[in-house]
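As stored in query.tsv (TSV, N, CA and C atoms and all ligand atoms):
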```tsv
chain	number	residue	atom	x	y	z
B	1	MET	N	0.85	-1.19	0.00
B	1	MET	CA	0.00	0.00	0.00
B	1	MET	C	0.89	1.25	0.00
B	2	ALA	N	0.48	2.22	-0.77
B	2	ALA	CA	1.28	3.44	-0.89
B	2	ALA	C	1.23	4.25	0.40
B	3	LYS	N	2.33	4.91	0.68
B	3	LYS	CA	2.39	5.84	1.80
B	3	LYS	C	3.03	7.14	1.31
B	4	TRP	N	2.17	8.05	0.85
B	4	TRP	CA	2.66	9.32	0.28
B	4	TRP	C	2.93	10.30	1.41
B	5	VAL	N	4.11	10.87	1.45
B	5	VAL	CA	4.45	11.87	2.44
B	5	VAL	C	5.06	13.08	1.74
B	6	LYS	N	4.85	14.25	2.34
B	6	LYS	CA	5.39	15.48	1.78
B	6	LYS	C	6.90	15.53	2.04
B	7	VAL	N	7.67	15.85	1.01
B	7	VAL	CA	9.11	16.01	1.19
B	7	VAL	C	9.52	17.47	1.16
B	8	CYS	N	8.78	18.28	0.42
B	8	CYS	CA	9.09	19.71	0.36
B	8	CYS	C	7.99	20.43	-0.38
B	9	ALA	N	8.03	21.75	-0.30
B	9	ALA	CA	7.14	22.56	-1.14
B	9	ALA	C	7.69	22.56	-2.56
B	10	LEU	N	6.81	22.71	-3.51
B	10	LEU	CA	7.23	22.74	-4.91
B	10	LEU	C	8.27	23.83	-5.14
B	11	THR	N	8.14	24.93	-4.44
B	11	THR	CA	9.09	26.05	-4.59
B	11	THR	C	10.49	25.70	-4.07
B	12	GLU	N	10.58	24.67	-3.21
B	12	GLU	CA	11.88	24.25	-2.65
B	12	GLU	C	12.52	23.12	-3.45
B	13	ALA	N	11.79	22.56	-4.40
B	13	ALA	CA	12.31	21.43	-5.19
B	13	ALA	C	13.41	21.92	-6.13
B	14	PRO	N	14.31	21.02	-6.54
B	14	PRO	CA	15.35	21.45	-7.48
B	14	PRO	C	14.76	21.93	-8.80
B	15	ARG	N	15.45	22.88	-9.42
B	15	ARG	CA	15.05	23.41	-10.72
B	15	ARG	C	15.46	22.41	-11.81
B	16	PRO	N	14.91	22.55	-13.02
B	16	PRO	CA	15.31	21.64	-14.11
B	16	PRO	C	16.83	21.58	-14.27
B	17	GLY	N	17.34	20.35	-14.32
B	17	GLY	CA	18.78	20.15	-14.43
B	17	GLY	C	19.50	20.08	-13.09
B	18	GLY	N	18.72	20.14	-11.99
B	18	GLY	CA	19.34	20.16	-10.67
B	18	GLY	C	18.97	18.98	-9.81
B	19	VAL	N	19.74	18.76	-8.75
B	19	VAL	CA	19.44	17.77	-7.73
B	19	VAL	C	19.49	18.46	-6.37
B	20	ALA	N	18.88	17.82	-5.37
B	20	ALA	CA	18.89	18.37	-4.01
B	20	ALA	C	18.63	17.25	-3.02
B	21	GLU	N	19.13	17.43	-1.81
B	21	GLU	CA	18.83	16.48	-0.75
B	21	GLU	C	17.50	16.84	-0.12
B	22	ALA	N	16.79	15.82	0.34
B	22	ALA	CA	15.52	16.01	1.02
B	22	ALA	C	15.34	14.86	2.00
B	23	GLU	N	14.29	14.95	2.81
B	23	GLU	CA	14.05	13.89	3.78
B	23	GLU	C	12.56	13.66	3.92
B	24	ALA	N	12.18	12.40	4.04
B	24	ALA	CA	10.78	12.04	4.26
B	24	ALA	C	10.72	10.99	5.36
B	25	GLU	N	10.20	11.39	6.51
B	25	GLU	CA	10.06	10.48	7.66
B	25	GLU	C	11.36	9.72	7.95
B	26	GLY	N	12.47	10.45	7.97
B	26	GLY	CA	13.74	9.85	8.32
B	26	GLY	C	14.48	9.19	7.18
B	27	ILE	N	13.88	9.16	6.00
B	27	ILE	CA	14.55	8.58	4.83
B	27	ILE	C	15.21	9.71	4.05
B	28	ALA	N	16.52	9.63	3.88
B	28	ALA	CA	17.24	10.65	3.12
B	28	ALA	C	17.07	10.39	1.63
B	29	LEU	N	16.71	11.44	0.90
B	29	LEU	CA	16.40	11.30	-0.52
B	29	LEU	C	17.24	12.24	-1.35
B	30	CYS	N	17.42	11.85	-2.59
B	30	CYS	CA	17.99	12.72	-3.61
B	30	CYS	C	16.88	13.05	-4.59
B	31	LEU	N	16.44	14.31	-4.61
B	31	LEU	CA	15.45	14.74	-5.59
B	31	LEU	C	16.17	15.24	-6.84
B	32	ALA	N	15.65	14.87	-7.99
B	32	ALA	CA	16.23	15.34	-9.25
B	32	ALA	C	15.12	15.91	-10.12
B	33	ASN	N	15.47	16.88	-10.92
B	33	ASN	CA	14.50	17.50	-11.83
B	33	ASN	C	15.05	17.41	-13.25
B	34	ILE	N	14.38	16.58	-14.06
B	34	ILE	CA	14.78	16.43	-15.45
B	34	ILE	C	13.69	17.03	-16.31
B	35	ASN	N	13.99	18.16	-16.90
B	35	ASN	CA	13.03	18.85	-17.77
B	35	ASN	C	11.69	19.08	-17.09
B	36	GLY	N	11.73	19.42	-15.81
B	36	GLY	CA	10.51	19.73	-15.08
B	36	GLY	C	9.86	18.55	-14.41
B	37	GLU	N	10.37	17.34	-14.64
B	37	GLU	CA	9.81	16.14	-14.02
B	37	GLU	C	10.69	15.74	-12.82
B	38	LEU	N	10.06	15.65	-11.67
B	38	LEU	CA	10.79	15.31	-10.46
B	38	LEU	C	10.89	13.80	-10.27
B	39	SER	N	12.02	13.36	-9.70
B	39	SER	CA	12.18	11.96	-9.32
B	39	SER	C	12.92	11.92	-8.00
B	40	ALA	N	12.86	10.76	-7.33
B	40	ALA	CA	13.47	10.63	-6.01
B	40	ALA	C	14.20	9.29	-5.90
B	41	LEU	N	15.45	9.38	-5.42
B	41	LEU	CA	16.26	8.19	-5.16
B	41	LEU	C	16.67	8.20	-3.70
B	42	ASP	N	17.04	7.01	-3.21
B	42	ASP	CA	17.75	6.92	-1.93
B	42	ASP	C	18.98	7.83	-2.04
B	43	ASN	N	19.21	8.64	-1.02
B	43	ASN	CA	20.30	9.62	-1.11
B	43	ASN	C	21.69	9.00	-1.02
B	44	TRP	N	21.79	7.78	-0.47
B	44	TRP	CA	23.12	7.25	-0.14
B	44	TRP	C	23.62	6.31	-1.22
B	45	CYS	N	24.72	6.69	-1.82
B	45	CYS	CA	25.36	5.89	-2.86
B	45	CYS	C	25.82	4.55	-2.26
B	46	PRO	N	25.58	3.43	-2.97
B	46	PRO	CA	25.97	2.12	-2.42
B	46	PRO	C	27.48	1.89	-2.42
B	47	HIS	N	28.25	2.77	-3.03
B	47	HIS	CA	29.71	2.59	-3.02
B	47	HIS	C	30.25	2.86	-1.62
B	48	ARG	N	30.27	4.11	-1.20
B	48	ARG	CA	30.73	4.45	0.14
B	48	ARG	C	29.83	5.48	0.81
B	49	ARG	N	28.56	5.40	0.43
B	49	ARG	CA	27.51	6.24	1.02
B	49	ARG	C	27.72	7.73	0.77
B	50	GLY	N	28.20	8.04	-0.41
B	50	GLY	CA	28.24	9.44	-0.82
B	50	GLY	C	26.83	9.99	-0.95
B	51	PRO	N	26.66	11.30	-0.74
B	51	PRO	CA	25.34	11.92	-0.79
B	51	PRO	C	24.95	12.30	-2.22
B	52	LEU	N	24.11	11.48	-2.83
B	52	LEU	CA	23.75	11.73	-4.24
B	52	LEU	C	23.11	13.09	-4.44
B	53	GLY	N	22.38	13.56	-3.44
B	53	GLY	CA	21.71	14.86	-3.55
B	53	GLY	C	22.67	16.04	-3.55
B	54	GLN	N	23.96	15.77	-3.31
B	54	GLN	CA	24.97	16.82	-3.43
B	54	GLN	C	25.75	16.67	-4.74
B	55	GLY	N	25.30	15.73	-5.56
B	55	GLY	CA	25.96	15.50	-6.85
B	55	GLY	C	25.37	16.40	-7.93
B	56	TRP	N	25.29	15.87	-9.15
B	56	TRP	CA	24.78	16.66	-10.27
B	56	TRP	C	24.19	15.72	-11.30
B	57	LEU	N	23.51	16.32	-12.29
B	57	LEU	CA	22.89	15.55	-13.37
B	57	LEU	C	23.75	15.62	-14.62
B	58	GLU	N	23.86	14.47	-15.28
B	58	GLU	CA	24.38	14.43	-16.65
B	58	GLU	C	23.30	13.74	-17.46
B	59	GLY	N	22.54	14.52	-18.20
B	59	GLY	CA	21.37	13.98	-18.88
B	59	GLY	C	20.38	13.51	-17.83
B	60	GLU	N	20.01	12.22	-17.89
B	60	GLU	CA	19.08	11.65	-16.91
B	60	GLU	C	19.82	10.88	-15.82
B	61	LEU	N	21.12	11.07	-15.72
B	61	LEU	CA	21.92	10.34	-14.73
B	61	LEU	C	22.29	11.25	-13.57
B	62	VAL	N	22.08	10.74	-12.35
B	62	VAL	CA	22.58	11.42	-11.16
B	62	VAL	C	24.01	10.93	-10.93
B	63	VAL	N	24.95	11.87	-10.81
B	63	VAL	CA	26.35	11.53	-10.61
B	63	VAL	C	26.70	11.73	-9.14
B	64	CYS	N	27.26	10.67	-8.51
B	64	CYS	CA	27.69	10.78	-7.12
B	64	CYS	C	28.87	11.76	-7.02
B	65	PRO	N	28.84	12.68	-6.05
B	65	PRO	CA	29.90	13.69	-5.98
B	65	PRO	C	31.23	13.14	-5.48
B	66	TRP	N	31.24	11.92	-4.96
B	66	TRP	CA	32.49	11.42	-4.38
B	66	TRP	C	33.38	10.71	-5.39
B	67	HIS	N	32.82	9.71	-6.13
B	67	HIS	CA	33.66	8.96	-7.07
B	67	HIS	C	32.95	8.73	-8.40
B	68	SER	N	31.89	9.51	-8.63
B	68	SER	CA	31.25	9.59	-9.95
B	68	SER	C	30.52	8.33	-10.42
B	69	TRP	N	30.09	7.49	-9.50
B	69	TRP	CA	29.14	6.46	-9.93
B	69	TRP	C	27.89	7.18	-10.43
B	70	MET	N	27.18	6.55	-11.38
B	70	MET	CA	26.05	7.22	-12.03
B	70	MET	C	24.81	6.35	-11.99
B	71	PHE	N	23.69	6.96	-11.64
B	71	PHE	CA	22.42	6.24	-11.48
B	71	PHE	C	21.33	6.95	-12.28
B	72	HIS	N	20.49	6.16	-12.95
B	72	HIS	CA	19.35	6.75	-13.64
B	72	HIS	C	18.42	7.39	-12.61
B	73	ALA	N	18.09	8.64	-12.84
B	73	ALA	CA	17.33	9.41	-11.86
B	73	ALA	C	15.94	8.81	-11.61
B	74	LYS	N	15.36	8.16	-12.61
B	74	LYS	CA	13.99	7.65	-12.44
B	74	LYS	C	13.95	6.21	-11.93
B	75	THR	N	14.97	5.42	-12.28
B	75	THR	CA	14.92	3.99	-11.92
B	75	THR	C	15.90	3.62	-10.81
B	76	GLY	N	16.94	4.41	-10.62
B	76	GLY	CA	17.97	4.09	-9.65
B	76	GLY	C	18.99	3.08	-10.16
B	77	VAL	N	18.80	2.57	-11.37
B	77	VAL	CA	19.74	1.58	-11.93
B	77	VAL	C	21.03	2.31	-12.33
B	78	ALA	N	22.15	1.70	-11.98
B	78	ALA	CA	23.44	2.34	-12.27
B	78	ALA	C	23.81	2.19	-13.74
B	79	GLU	N	24.29	3.29	-14.29
B	79	GLU	CA	24.91	3.25	-15.62
B	79	GLU	C	26.37	2.84	-15.48
B	80	TYR	N	26.98	3.33	-14.39
B	80	TYR	CA	28.35	2.95	-14.06
B	80	TYR	C	28.48	2.88	-12.54
B	81	PRO	N	28.97	1.80	-11.96
B	81	PRO	CA	29.26	0.54	-12.64
B	81	PRO	C	27.96	-0.24	-12.86
B	82	LYS	N	28.01	-1.22	-13.73
B	82	LYS	CA	26.83	-2.06	-13.97
B	82	LYS	C	26.55	-2.89	-12.72
B	83	ASN	N	25.33	-3.38	-12.63
B	83	ASN	CA	24.90	-4.28	-11.55
B	83	ASN	C	24.82	-3.61	-10.19
B	84	GLU	N	24.73	-2.28	-10.17
B	84	GLU	CA	24.48	-1.57	-8.92
B	84	GLU	C	23.18	-0.80	-9.09
B	85	ARG	N	22.59	-0.42	-7.98
B	85	ARG	CA	21.39	0.40	-8.04
B	85	ARG	C	21.12	1.02	-6.68
B	86	VAL	N	20.30	2.05	-6.68
B	86	VAL	CA	19.75	2.59	-5.45
B	86	VAL	C	18.23	2.54	-5.59
B	87	GLU	N	17.55	2.59	-4.48
B	87	GLU	CA	16.09	2.53	-4.52
B	87	GLU	C	15.53	3.81	-5.12
B	88	ALA	N	14.52	3.67	-5.96
B	88	ALA	CA	13.81	4.81	-6.54
B	88	ALA	C	12.41	4.85	-5.95
B	89	PHE	N	11.94	6.05	-5.65
B	89	PHE	CA	10.64	6.22	-5.02
B	89	PHE	C	9.71	6.99	-5.97
B	90	PRO	N	8.43	6.58	-6.06
B	90	PRO	CA	7.47	7.35	-6.87
B	90	PRO	C	7.30	8.76	-6.30
B	91	VAL	N	7.13	9.72	-7.20
B	91	VAL	CA	6.97	11.13	-6.83
B	91	VAL	C	5.73	11.68	-7.51
B	92	ARG	N	5.01	12.54	-6.81
B	92	ARG	CA	3.94	13.29	-7.46
B	92	ARG	C	3.83	14.67	-6.82
B	93	VAL	N	3.28	15.59	-7.58
B	93	VAL	CA	3.04	16.94	-7.08
B	93	VAL	C	1.55	17.06	-6.79
B	94	ASP	N	1.25	17.54	-5.58
B	94	ASP	CA	-0.15	17.74	-5.16
B	94	ASP	C	-0.29	19.21	-4.76
B	95	GLY	N	-0.84	20.00	-5.65
B	95	GLY	CA	-0.94	21.43	-5.38
B	95	GLY	C	0.44	22.05	-5.29
B	96	GLU	N	0.78	22.57	-4.12
B	96	GLU	CA	2.08	23.21	-3.93
B	96	GLU	C	3.09	22.30	-3.24
B	97	ASP	N	2.73	21.03	-3.04
B	97	ASP	CA	3.58	20.10	-2.31
B	97	ASP	C	4.16	19.01	-3.21
B	98	VAL	N	5.38	18.59	-2.87
B	98	VAL	CA	5.99	17.44	-3.54
B	98	VAL	C	5.87	16.25	-2.59
B	99	LEU	N	5.25	15.17	-3.09
B	99	LEU	CA	5.01	13.98	-2.27
B	99	LEU	C	5.83	12.81	-2.81
B	100	VAL	N	6.29	11.96	-1.91
B	100	VAL	CA	7.02	10.75	-2.28
B	100	VAL	C	6.35	9.56	-1.60
B	101	ASP	N	6.23	8.47	-2.34
B	101	ASP	CA	5.68	7.23	-1.78
B	101	ASP	C	6.83	6.44	-1.20
B	102	ILE	N	6.90	6.38	0.14
B	102	ILE	CA	8.05	5.74	0.80
B	102	ILE	C	7.77	4.30	1.19
B	103	GLU	N	6.60	3.75	0.80
B	103	GLU	CA	6.34	2.35	1.12
B	103	GLU	C	7.19	1.42	0.30
B	201	LIG	S1	30.53	7.04	-2.68
B	201	LIG	FE1	29.44	7.32	-4.54
B	201	LIG	S2	30.85	6.78	-6.06
B	201	LIG	FE2	31.93	6.44	-4.19
```

Conversion result in structure tokens:
Amino acid sequence: MAKWVKVCALTEAPRPGGVAEAEAEGIALCLANINGELSALDNWCPHRRGPLGQGWLEGELVVCPWHSWMFHAKTGVAEYPKNERVEAFPVRVDGEDVLVDIE
């Protein structure tokens, strides 16, 4: 069952081409904005727990700021290295709020 929680106001979300850290009920998230569409990943890189929300976007890839592992912003599947991933969470905008399904 879905559990939608507010992570931030729409005005606080990253702008197109940007990423930002956020938190939902104790879960650290990396929000990304690709051409106006928001997505959310687990903030902690599986390599050495670098903060993905302090990284940057290359196309649709979130780049970890520590050693440049790359994850698809919408799926969490790694482009580099292969066979790695982070959890991806559904995102929706409800009025002025950004919600993430953390179930
Ligand atoms: S901690 Fe993310 S690439 Fe090393």

Which residues are near ligand LIG 201 (chain B) - at most 6 Å, using only N, CA and C atoms and all ligand atoms? Format: as number ranges by chain. B: 45-50, 64-69

Next, write the just-selected residues to a file, as a short mmCIF file (atom, residue, chain, number, x, y, z; two decimals), in the frame of the given file, keeping N, CA and C atoms as the atom set.
```cif
data_model
loop_
_atom_site.label_atom_id
_atom_site.label_comp_id
_atom_site.auth_asym_id
_atom_site.auth_seq_id
_atom_site.Cartn_x
_atom_site.Cartn_y
_atom_site.Cartn_z
N CYS B 45 24.72 6.69 -1.82
CA CYS B 45 25.36 5.89 -2.86
C CYS B 45 25.82 4.55 -2.26
N PRO B 46 25.58 3.43 -2.97
CA PRO B 46 25.97 2.12 -2.42
C PRO B 46 27.48 1.89 -2.42
N HIS B 47 28.25 2.77 -3.03
CA HIS B 47 29.71 2.59 -3.02
C HIS B 47 30.25 2.86 -1.62
N ARG B 48 30.27 4.11 -1.20
CA ARG B 48 30.73 4.45 0.14
C ARG B 48 29.83 5.48 0.81
N ARG B 49 28.56 5.40 0.43
CA ARG B 49 27.51 6.24 1.02
C ARG B 49 27.72 7.73 0.77
N GLY B 50 28.20 8.04 -0.41
CA GLY B 50 28.24 9.44 -0.82
C GLY B 50 26.83 9.99 -0.95
N CYS B 64 27.26 10.67 -8.51
CA CYS B 64 27.69 10.78 -7.12
C CYS B 64 28.87 11.76 -7.02
N PRO B 65 28.84 12.68 -6.05
CA PRO B 65 29.90 13.69 -5.98
C PRO B 65 31.23 13.14 -5.48
N TRP B 66 31.24 11.92 -4.96
CA TRP B 66 32.49 11.42 -4.38
C TRP B 66 33.38 10.71 -5.39
N HIS B 67 32.82 9.71 -6.13
CA HIS B 67 33.66 8.96 -7.07
C HIS B 67 32.95 8.73 -8.40
N SER B 68 31.89 9.51 -8.63
CA SER B 68 31.25 9.59 -9.95
C SER B 68 30.52 8.33 -10.42
N TRP B 69 30.09 7.49 -9.50
CA TRP B 69 29.14 6.46 -9.93
C TRP B 69 27.89 7.18 -10.43
#
```

Shell of 6.5 Å around region 15-21 of chain B, all atoms listed in the file, local chain residues under 6 positions omitted, as a list in words: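 Contacts, in chain order: Leu29, Cys30, Leu31, Ala32, Asn33, Ile34, Asn35, Gly36, Leu52, Gly53, Gln54, Gly55, Trp56 and Leu57 of chain B.
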
Only N, CA and C atoms, please: the residues just picked out, written as an mmCIF file, keeping the file's coordinate frame.
```
data_model
loop_
_atom_site.group_PDB
_atom_site.id
_atom_site.type_symbol
_atom_site.label_atom_id
_atom_site.label_comp_id
_atom_site.auth_asym_id
_atom_site.auth_seq_id
_atom_site.Cartn_x
_atom_site.Cartn_y
_atom_site.Cartn_z
ATOM 1 N N LEU B 29 16.710 11.440 0.900
ATOM 2 C CA LEU B 29 16.400 11.300 -0.520
ATOM 3 C C LEU B 29 17.240 12.240 -1.350
ATOM 4 N N CYS B 30 17.420 11.850 -2.590
ATOM 5 C CA CYS B 30 17.990 12.720 -3.610
ATOM 6 C C CYS B 30 16.880 13.050 -4.590
ATOM 7 N N LEU B 31 16.440 14.310 -4.610
ATOM 8 C CA LEU B 31 15.450 14.740 -5.590
ATOM 9 C C LEU B 31 16.170 15.240 -6.840
ATOM 10 N N ALA B 32 15.650 14.870 -7.990
ATOM 11 C CA ALA B 32 16.230 15.340 -9.250
ATOM 12 C C ALA B 32 15.120 15.910 -10.120
ATOM 13 N N ASN B 33 15.470 16.880 -10.920
ATOM 14 C CA ASN B 33 14.500 17.500 -11.830
ATOM 15 C C ASN B 33 15.050 17.410 -13.250
ATOM 16 N N ILE B 34 14.380 16.580 -14.060
ATOM 17 C CA ILE B 34 14.780 16.430 -15.450
ATOM 18 C C ILE B 34 13.690 17.030 -16.310
ATOM 19 N N ASN B 35 13.990 18.160 -16.900
ATOM 20 C CA ASN B 35 13.030 18.850 -17.770
ATOM 21 C C ASN B 35 11.690 19.080 -17.090
ATOM 22 N N GLY B 36 11.730 19.420 -15.810
ATOM 23 C CA GLY B 36 10.510 19.730 -15.080
ATOM 24 C C GLY B 36 9.860 18.550 -14.410
ATOM 25 N N LEU B 52 24.110 11.480 -2.830
ATOM 26 C CA LEU B 52 23.750 11.730 -4.240
ATOM 27 C C LEU B 52 23.110 13.090 -4.440
ATOM 28 N N GLY B 53 22.380 13.560 -3.440
ATOM 29 C CA GLY B 53 21.710 14.860 -3.550
ATOM 30 C C GLY B 53 22.670 16.040 -3.550
ATOM 31 N N GLN B 54 23.960 15.770 -3.310
ATOM 32 C CA GLN B 54 24.970 16.820 -3.430
ATOM 33 C C GLN B 54 25.750 16.670 -4.740
ATOM 34 N N GLY B 55 25.300 15.730 -5.560
ATOM 35 C CA GLY B 55 25.960 15.500 -6.850
ATOM 36 C C GLY B 55 25.370 16.400 -7.930
ATOM 37 N N TRP B 56 25.290 15.870 -9.150
ATOM 38 C CA TRP B 56 24.780 16.660 -10.270
ATOM 39 C C TRP B 56 24.190 15.720 -11.300
ATOM 40 N N LEU B 57 23.510 16.320 -12.290
ATOM 41 C CA LEU B 57 22.890 15.550 -13.370
ATOM 42 C C LEU B 57 23.750 15.620 -14.620
#
```

Distance in Å - CA of Pro14 (chain B) versus atom N of Thr75 (chain B): 16.7 Å

Quick one: distance from CA of Gly26 (chain B) to atom C of Ile102 (chain B) in Å, one decimal?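 Rounded to one decimal, the two atoms are 10.8 Å apart.
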
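Reported to one decimal place, the separation of atom C of Gly95 (chain B) from CA of Glu12 (chain B) is 11.9 Å.
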
As a ChimeraX atom specification, which residues of region 29-98 of chain B does DSSP assign to strand (DSSP E)? /B:29-34,37-42,56-58,61-63,70-72,78-80,88-89,91-94,97-98

Using only C-alpha atoms, the shortest atom-to-atom distance to Ala40 (chain B) among B:Ala78, B:Val100, B:Val93, B:Met1 belongs to B:Val100

List every protein, DNA or RNA residue that has an atom no more than 8 Å from (14.7, 6.0, -4.8) in the file's coordinate frame, counting only C-alpha atoms, and report them as JSON, numbers by chain. {"B": [29, 30, 39, 40, 41, 42, 43, 74, 75, 76, 86, 87, 88, 89, 90]}

Write out as a list in words all residues of region 12-92 of chain B that DSSP puts in helix (DSSP H, G or I) for this structure's backbone. Glu12, Leu52, Gly53 and Gln54 of chain B

Can I get the selection written as a compact mmCIF listing (two decimals), keeping the file's coordinate frame, with N, CA and C atoms?
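And here is the file that came out, out.txt:
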```txt
# COMPACT_ATOMS: atom_id res chain seq x y z
N GLU B 12 10.58 24.67 -3.21
CA GLU B 12 11.88 24.25 -2.65
C GLU B 12 12.52 23.12 -3.45
N LEU B 52 24.11 11.48 -2.83
CA LEU B 52 23.75 11.73 -4.24
C LEU B 52 23.11 13.09 -4.44
N GLY B 53 22.38 13.56 -3.44
CA GLY B 53 21.71 14.86 -3.55
C GLY B 53 22.67 16.04 -3.55
N GLN B 54 23.96 15.77 -3.31
CA GLN B 54 24.97 16.82 -3.43
C GLN B 54 25.75 16.67 -4.74
```

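Using only C-alpha atoms, the smallest distance between any of B:Ala22, B:Leu38, B:Leu10, B:Ala28 and Val91 (chain B) comes from B:Leu38.
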
At a cut-off of 6.5 Å from (7.0, 16.0, 5.2) in the coordinates of the file, what residues are picked up using all atoms listed in the file, written as a PyMOL selection string? chain B and resi 5-8+23-25

For each of B:Glu37, B:Asp97, B:Glu79, B:Glu103, take the minimum atom-to-atom distance to Glu58 (chain B), counting only C-alpha atoms, then give the residue where this is smallest. B:Glu79

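Minimum atom-to-atom distance to Val98 (chain B), evaluated using all atoms listed in the file, belongs to B:Ala13 out of B:Val77, B:Ala2, B:Glu60, B:Ala13.
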